[in-house]
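Data first, discussion second: the structure below is written as structure tokens.
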Amino acid sequence: MNKITPLETKCLANMPVVLDAIATTIDTLSEILNPQYDRIEEYLTEFFDKHKRLKFDFENGREFQSKYIFTDRFTQYKKGALRDLTTVLELYYCIPFGKNVRNGVSFSVQFGYTVDETQNEVYFGLGETDSAQYLTDEWIEKIKTESAGDWEIYTEDGYIEFQITPDDQLTDDKIARCGEDFKNRILKPLLKQLQ
């Protein structure tokens with residue numbers, strides 16, 4: 001009995017093309033998202049410089065253009081070998097920042113692209129890592145109401161993100177608009193609230 005199905009045979013025969021398509025697509029997406037990282041980092045730097053009395057600064061854990069395939073950023077293998085393959089591909093950017101005082105608060109801007117069995121999204125998100133002091137349910141609900149219809153919106157306790165599900169209408173401009181709306185509708189209101 002042959003264990004390899006006709007689909008698997010075709011996949012194996014075309015694997016070099018599939019891998020090349022994945023690599024070039026992720027590289028192209030990186031070229032689109034890298035400037036978003038720079039813009040957000042620059043915006044936060046200007047805010048921190050202008051409002052030094054707030055004592056906010058960048059924290060450890062920044063990630064720029066981290067790529068994960070067949071594993072995710074939560075699974076760490078010390079030997080660098082994948083033991084269990086998972087159907088996941090992620091291009092991940094993270095800019096953590098916080099208030100470095102007693103009872104301080106920390107936030108994390110996270111964006112990129114992720115695909116697995118349940119999701120296929122380009123996303124721009126903001127999370128509060130300690131507790132939902134600022135990203136309260138009411139604050140998140142207000143953002144959702146103001147942004148309804150523009151982007152898909154995902155939320156959980158102390159976290160909100162704008163999402164784009166890739167389709168044949170996905171463009172560089174659409175991703176850039178989502179990033180700009182994230183900055184103007186989520187990040188700026190949070191920073192204004194922190195003042």
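Labeling convention for the structure tokens: chains A, B, ... as they appear, residues from 1 per chain, ligands from 1 in order of appearance.
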Running DSSP on the backbone, which parts of chain A land in alpha helix (DSSP H), as a ChimeraX atom specification? /A:6-13,15-50,137-147,172-182,188-194
Within 10 Å of Leu29 of chain A using only C-alpha atoms, minus same-chain residues under 5 positions, as a PyMOL selection string: chain A and resi 23-24+34+65+91+112-113+122+172+175
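Neighbouring residues of segment 124-135 of chain A at 7 Å or closer, counting only C-alpha atoms and skipping chain neighbours under 4 positions away, are Val105, Ser106, Phe107, Ser108, Val109, Gln110, Phe111, Gly112, Trp139, Ile140, Gly158, Tyr159, Ile160, Glu161, Phe162, Gln163, Gly179 and Phe182 of chain A.
Going from atom CA of Lys52 of chain A to atom CA of Gly104 of chain A covers 14.7 Å.
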Pick out the closest residue to Leu19 of chain A from this set: A:Leu7, A:Leu44, A:Ile69, A:Pro166. Count only C-alpha atoms. A:Ile69
For Gln195 of chain A, find every residue with an atom within 12 Å (counting only C-alpha atoms), except residues of its own chain fewer than 5 positions away, and show them as an NGL selection string. :A and (47-48 or 50-56 or 99 or 134 or 188-190)
I'd like the interatomic distance between atom CA of Asp181 of chain A and atom CA of Ser147 of chain A, to a tenth of an Å. 8.9 Å
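Of note, atom CA of Leu33 of chain A and atom CA of Asp173 of chain A are spaced 11.2 Å apart.
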